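Undergrad: Below is the file my_file.pdb, with PDB, C-alpha atoms.
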ATOM      1  CA  MET D  20      33.560 -91.951  58.581
ATOM      2  CA  SER D  21      36.735 -90.339  57.155
ATOM      3  CA  ASN D  22      37.569 -86.638  57.288
ATOM      4  CA  LEU D  23      37.022 -86.490  53.532
ATOM      5  CA  ASP D  24      33.550 -88.014  54.033
ATOM      6  CA  ASN D  25      32.822 -85.344  56.674
ATOM      7  CA  LEU D  26      33.817 -82.662  54.150
ATOM      8  CA  ARG D  27      31.596 -84.229  51.468
ATOM      9  CA  SER D  28      28.679 -84.377  53.915
ATOM     10  CA  TYR D  29      29.098 -80.699  54.837
ATOM     11  CA  LEU D  30      29.317 -79.596  51.207
ATOM     12  CA  ALA D  31      26.198 -81.587  50.291
ATOM     13  CA  ASP D  32      24.207 -78.900  52.141
ATOM     14  CA  VAL D  33      26.080 -75.911  50.678
ATOM     15  CA  SER D  34      24.590 -73.998  47.758
ATOM     16  CA  ALA D  35      26.693 -73.588  44.639
ATOM     17  CA  GLY D  36      28.534 -70.288  44.267
ATOM     18  CA  ALA D  37      30.810 -68.079  46.318
ATOM     19  CA  ILE D  38      31.214 -69.151  49.935
ATOM     20  CA  SER D  39      31.039 -66.346  52.461
ATOM     21  CA  ALA D  40      31.355 -68.297  55.737
ATOM     22  CA  VAL D  41      34.691 -69.979  55.037
ATOM     23  CA  ALA D  42      35.927 -70.724  58.580
ATOM     24  CA  PRO D  43      33.941 -73.956  59.149
ATOM     25  CA  LEU D  44      34.740 -75.159  55.646
ATOM     26  CA  GLU D  45      38.459 -74.339  56.055
ATOM     27  CA  LYS D  46      38.507 -76.415  59.248
ATOM     28  CA  LEU D  47      36.887 -79.425  57.579
ATOM     29  CA  LEU D  48      39.119 -79.029  54.528
ATOM     30  CA  ALA D  49      42.251 -78.870  56.699
ATOM     31  CA  GLN D  50      41.167 -82.035  58.531
ATOM     32  CA  ALA D  51      40.645 -83.842  55.205
ATOM     33  CA  TRP D  52      43.666 -82.361  53.440
ATOM     34  CA  ASP D  53      46.045 -85.285  53.960
ATOM     35  CA  GLU D  54      43.464 -87.638  52.421
ATOM     36  CA  LEU D  55      43.427 -85.665  49.154
ATOM     37  CA  LYS D  56      45.621 -86.921  46.328
ATOM     38  CA  GLY D  57      47.844 -84.017  45.240
ATOM     39  CA  GLY D  58      47.373 -82.002  48.417
ATOM     40  CA  ASP D  59      51.121 -81.913  48.996
ATOM     41  CA  LYS D  60      51.827 -80.111  45.707
ATOM     42  CA  GLY D  61      53.279 -76.614  45.733
ATOM     43  CA  GLY D  62      54.643 -77.005  49.262
ATOM     44  CA  MET D  63      51.126 -77.106  50.676
ATOM     45  CA  ALA D  64      50.119 -78.475  54.065
ATOM     46  CA  ALA D  65      46.796 -78.551  55.893
ATOM     47  CA  CYS D  66      47.905 -76.044  58.536
ATOM     48  CA  LYS D  67      48.366 -73.387  55.844
ATOM     49  CA  LEU D  68      44.656 -73.309  55.029
ATOM     50  CA  LEU D  69      43.143 -71.918  58.216
ATOM     51  CA  GLY D  70      42.238 -68.252  57.947
ATOM     52  CA  ARG D  71      44.047 -67.842  54.635
ATOM     53  CA  THR D  72      41.798 -68.978  51.798
ATOM     54  CA  GLU D  73      40.427 -66.376  49.409
ATOM     55  CA  GLU D  74      37.644 -66.396  46.810
ATOM     56  CA  MET D  75      36.374 -69.813  47.880
ATOM     57  CA  SER D  76      33.684 -71.131  45.558
ATOM     58  CA  TRP D  77      31.646 -74.318  45.325
ATOM     59  CA  ASP D  78      30.559 -75.735  41.966
ATOM     60  CA  PRO D  79      29.671 -79.353  42.849
ATOM     61  CA  PRO D  80      31.721 -81.482  42.969
ATOM     62  CA  VAL D  81      34.527 -78.914  42.723
ATOM     63  CA  LEU D  82      35.693 -76.538  45.441
ATOM     64  CA  THR D  83      38.069 -73.765  44.355
ATOM     65  CA  PHE D  84      39.998 -71.145  46.281
ATOM     66  CA  ASN D  85      43.127 -69.012  46.173
ATOM     67  CA  LEU D  86      45.831 -68.996  48.796
ATOM     68  CA  GLU D  87      48.573 -66.427  49.372
ATOM     69  CA  ARG D  88      51.961 -68.085  49.901
ATOM     70  CA  HIS D  89      54.896 -66.262  51.486
ATOM     71  CA  GLY D  90      57.922 -68.428  50.663
ATOM     72  CA  GLY D  91      59.493 -65.715  48.525
ATOM     73  CA  THR D  92      59.004 -63.036  51.156
ATOM     74  CA  VAL D  93      61.188 -65.040  53.523
ATOM     75  CA  GLN D  94      63.952 -64.561  50.939
ATOM     76  CA  GLY D  95      63.292 -60.817  50.774
ATOM     77  CA  SER D  96      60.771 -60.617  47.955
ATOM     78  CA  THR D  97      58.171 -57.864  48.104
ATOM     79  CA  ARG D  98      55.628 -60.150  46.421
ATOM     80  CA  ALA D  99      53.665 -63.184  47.564
ATOM     81  CA  GLU D 100      52.725 -66.039  45.256
ATOM     82  CA  ILE D 101      48.999 -66.664  44.789
ATOM     83  CA  GLN D 102      48.143 -70.345  44.318
ATOM     84  CA  SER D 103      44.806 -71.345  42.786
ATOM     85  CA  TRP D 104      43.561 -74.649  44.194
ATOM     86  CA  THR D 105      40.915 -76.954  42.735
ATOM     87  CA  ILE D 106      39.552 -79.726  44.950
ATOM     88  CA  ASP D 107      37.424 -82.418  43.332
ATOM     89  CA  ILE D 108      35.434 -83.751  46.272
ATOM     90  CA  ALA D 109      34.051 -86.703  44.269
ATOM     91  CA  THR D 110      37.482 -88.069  43.316
ATOM     92  CA  GLY D 111      39.328 -86.827  46.403
ATOM     93  CA  THR D 112      41.943 -84.963  44.382
ATOM     94  CA  ALA D 113      43.594 -81.588  44.760
ATOM     95  CA  SER D 114      45.418 -79.664  42.056
ATOM     96  CA  VAL D 115      47.206 -76.345  42.098
ATOM     97  CA  ALA D 116      48.025 -73.764  39.469
ATOM     98  CA  GLY D 117      50.000 -70.578  39.738
ATOM     99  CA  GLY D 118      47.577 -67.744  40.127
ATOM    100  CA  GLY D 119      50.026 -64.885  39.931
ATOM    101  CA  ARG D 120      51.655 -62.615  42.469
ATOM    102  CA  ARG D 121      50.548 -59.955  44.906
ATOM    103  CA  GLN D 122      52.628 -56.907  45.816
ATOM    104  CA  LEU D 123      52.876 -56.877  49.628
ATOM    105  CA  ARG D 124      55.098 -53.855  50.132
ATOM    106  CA  PRO D 125      56.540 -51.262  47.778
ATOM    107  CA  MET D 126      59.378 -52.261  45.515
ATOM    108  CA  ASP D 127      62.647 -50.379  45.810
ATOM    109  CA  THR D 128      62.844 -47.307  43.610
ATOM    110  CA  PRO D 129      64.762 -47.711  40.359
ATOM    111  CA  TRP D 130      68.506 -47.182  40.669
ATOM    112  CA  LYS D 131      71.176 -46.547  38.060
ATOM    113  CA  ALA D 132      74.742 -47.725  38.607
ATOM    114  CA  GLU D 133      76.457 -45.754  35.834
ATOM    115  CA  PRO D 134      76.259 -42.206  37.298
ATOM    116  CA  LEU D 135      77.582 -43.470  40.632
ATOM    117  CA  ALA D 136      80.333 -45.445  38.883
ATOM    118  CA  ARG D 137      81.432 -42.243  37.087
ATOM    119  CA  GLU D 138      81.491 -40.367  40.407
ATOM    120  CA  LEU D 139      83.481 -43.107  42.145
ATOM    121  CA  ALA D 140      85.896 -43.343  39.220
ATOM    122  CA  GLN D 141      86.630 -39.613  39.520
ATOM    123  CA  LEU D 142      87.300 -40.062  43.244
ATOM    124  CA  ILE D 143      89.667 -42.932  42.476
ATOM    125  CA  PHE D 144      91.492 -41.002  39.736
ATOM    126  CA  SER D 145      92.036 -38.091  42.148
ATOM    127  CA  GLU D 146      92.970 -40.526  44.956
ATOM    128  CA  GLN D 147      90.357 -39.188  47.367
ATOM    129  CA  LYS D 148      91.214 -41.067  50.541
ATOM    130  CA  ASP D 149      88.649 -39.405  52.828
ATOM    131  CA  ASP D 150      85.516 -40.728  51.107
ATOM    132  CA  PRO D 151      83.935 -43.442  53.332
ATOM    133  CA  ARG D 152      82.742 -45.362  50.264
ATOM    134  CA  LEU D 153      86.348 -46.156  49.322
ATOM    135  CA  THR D 154      88.983 -47.993  51.343
ATOM    136  CA  TRP D 155      92.591 -47.535  50.269
ATOM    137  CA  ASN D 156      95.555 -49.711  51.261
ATOM    138  CA  GLN D 157      99.259 -48.855  51.387
ATOM    139  CA  LYS D 158      99.874 -50.201  47.881
ATOM    140  CA  GLY D 159      97.386 -47.723  46.401
ATOM    141  CA  HIS D 160      94.703 -50.348  45.829
ATOM    142  CA  VAL D 161      91.123 -49.336  46.484
ATOM    143  CA  GLN D 162      88.125 -51.366  47.589
ATOM    144  CA  LEU D 163      84.466 -50.336  47.469
ATOM    145  CA  ALA D 164      82.428 -50.251  50.678
ATOM    146  CA  VAL D 165      79.435 -51.607  48.779
ATOM    147  CA  GLY D 166      77.269 -51.739  51.913
ATOM    148  CA  LYS D 167      77.624 -47.968  52.273
ATOM    149  CA  ILE D 168      76.974 -47.324  48.597
ATOM    150  CA  VAL D 169      74.212 -49.553  47.298
ATOM    151  CA  PRO D 170      70.638 -48.943  48.459
ATOM    152  CA  GLY D 171      67.965 -51.617  48.644
ATOM    153  CA  SER D 172      65.553 -53.088  51.111
ATOM    154  CA  ASN D 173      66.195 -56.735  50.293
ATOM    155  CA  LYS D 174      69.260 -58.892  49.788
ATOM    156  CA  GLN D 175      68.593 -59.873  46.181
ATOM    157  CA  THR D 176      68.142 -56.252  45.108
ATOM    158  CA  ARG D 177      71.294 -55.090  46.913
ATOM    159  CA  GLU D 178      73.377 -57.947  45.478
ATOM    160  CA  GLY D 179      72.184 -57.260  41.933
ATOM    161  CA  ARG D 180      72.857 -53.552  42.303
ATOM    162  CA  GLY D 181      76.320 -54.284  43.726
ATOM    163  CA  ARG D 182      77.153 -56.445  40.682
ATOM    164  CA  ARG D 183      75.914 -53.716  38.315
ATOM    165  CA  LEU D 184      77.936 -51.063  40.150
ATOM    166  CA  ARG D 185      81.148 -53.123  39.993
ATOM    167  CA  ALA D 186      80.621 -53.809  36.270
ATOM    168  CA  ALA D 187      79.973 -50.110  35.571
ATOM    169  CA  LEU D 188      83.010 -49.105  37.609
ATOM    170  CA  ILE D 189      85.209 -51.571  35.721
ATOM    171  CA  ALA D 190      84.005 -49.983  32.464
ATOM    172  CA  GLU D 191      84.919 -46.526  33.800
ATOM    173  CA  LEU D 192      88.325 -47.476  35.226
ATOM    174  CA  ARG D 193      89.704 -49.886  32.603
ATOM    175  CA  PRO D 194      90.400 -47.222  29.920
ATOM    176  CA  HIS D 195      92.521 -45.391  32.532
ATOM    177  CA  GLY D 196      94.696 -48.392  33.382
ATOM    178  CA  TRP D 197      92.807 -49.684  36.416
ATOM    179  CA  GLU D 198      91.779 -53.330  36.803
ATOM    180  CA  LYS D 199      89.686 -55.284  39.268
ATOM    181  CA  VAL D 200      91.879 -57.798  41.097
ATOM    182  CA  ALA D 201      90.101 -60.032  43.600
ATOM    183  CA  LYS D 202      88.021 -57.638  45.745
ATOM    184  CA  HIS D 203      89.915 -54.445  44.976
ATOM    185  CA  PHE D 204      90.903 -52.207  42.079
ATOM    186  CA  GLU D 205      94.503 -51.376  41.277
ATOM    187  CA  LYS D 206      96.361 -49.302  38.752
ATOM    188  CA  VAL D 207      98.148 -51.620  36.305
ATOM    189  CA  LYS D 208     101.573 -50.345  35.324
TER     190      LYS D 208
END
Now that the file is in, can you turn its structure into structure tokens?
TA:
Amino acid sequence: MSNLDNLRSYLADVSAGAISAVAPLEKLLAQAWDELKGGDKGGMAACKLLGRTEEMSWDPPVLTFNLERHGGTVQGSTRAEIQSWTIDIATGTASVAGGGRRQLRPMDTPWKAEPLARELAQLIFSEQKDDPRLTWNQKGHVQLAVGKIVPGSNKQTREGRGRRLRAALIAELRPHGWEKVAKHFEKVK
């Protein structure tokens, strides 16, 4: 008897509707997962099922459930993807659809680059050399210490804010004869 047959046998005795005792069913489903056509879609693997299914429901011959996936959070996202799985026990097929996203931790507060760019531009115009956000060299070129300036709890947010700050600062400095050259700003004669 295959693992998929064991799953079918178990479900034959389960009443249609929401499933409250999911642990035994998750175990059988995980054991049968590699036998399901389409089970590898969406980066799914059997080991990701145990203790993680949500809203499991049985409407013979179809088993449905949601699963929270954390691939984006590894990259710094504050949201997890919710996958909606449909398992047709009769045909031995699995299919997945995007079920949305779930906020796992608070997003960073909104941030505006323009007011800070105006402030930094004024510091540059007055050649303020004691501000830790600016690094000056002997030629009078200035570089931003972006890591000390831009807030954000994840890499993607900080990088996007850094790009917006540099663009806003360019807009502030250019009319006064300053240009961005490589990683620094310099007064063009």
Undergrad: Can you pull out the residues contacting stretch 84-88 of chain D? Cut-off 12 Å, using only C-alpha atoms, and skip same-chain residues under 6 positions away; I want them as number ranges by chain.
TA: D: 36-39, 41, 44-45, 48, 61-65, 67-78, 96, 98-107, 113-123
Undergrad: So what do you get for atom CA of D:Lys174 versus atom CA of D:Leu135, distance-wise?
TA: 19.8 Å
Undergrad: Evaluate the PyMOL selection byres ((chain D and resi 208) around 8) and record the selected residues as a count of residues only, following the chain and residue labels used in the document.
TA: 3
Undergrad: Using the chain letters and numbering of this document, enumerate as a list in words the residues selected by the PyMOL selection byres ((chain D and resi 181) around 12).
TA: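 Here the PyMOL selection byres ((chain D and resi 181) around 12) matches Trp130, Lys131, Ala132, Glu133, Leu135, Ala136, Leu163, Ala164, Val165, Gly166, Lys167, Ile168, Val169, Pro170, Gly171, Lys174, Gln175, Thr176, Arg177, Glu178, Gly179, Arg180, Arg182, Arg183, Leu184, Arg185, Ala186, Ala187 and Leu188 of chain D.
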Undergrad: Please measure the separation of atom CA of D:Pro134 and atom CA of D:Gly159, giving the value in Å to one decimal.
TA: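 According to the coordinates, atom CA of D:Pro134 and atom CA of D:Gly159 are separated by 23.7 Å.
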Undergrad: Do you have the atom CA of D:Ile143-atom CA of D:Asn173 distance handy?
TA: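 Atom CA of D:Asn173 lies 28.3 Å from atom CA of D:Ile143.
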Undergrad: Could you tell me, as an MDAnalysis selection string, exactly which residues end up selected when the PyMOL selection byres ((chain D and resi 198) around 12) is applied to this structure?
TA: chainID D and resid 140 160:162 185:186 188:197 199:208
Undergrad: With only C-alpha atoms as the atoms that count, which of D:Ala31, D:Ile108, D:Leu142, D:Leu153 lies nearest to D:Lys56?
TA: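 Checking each candidate against D:Lys56, we get D:Ile108 as the closest.
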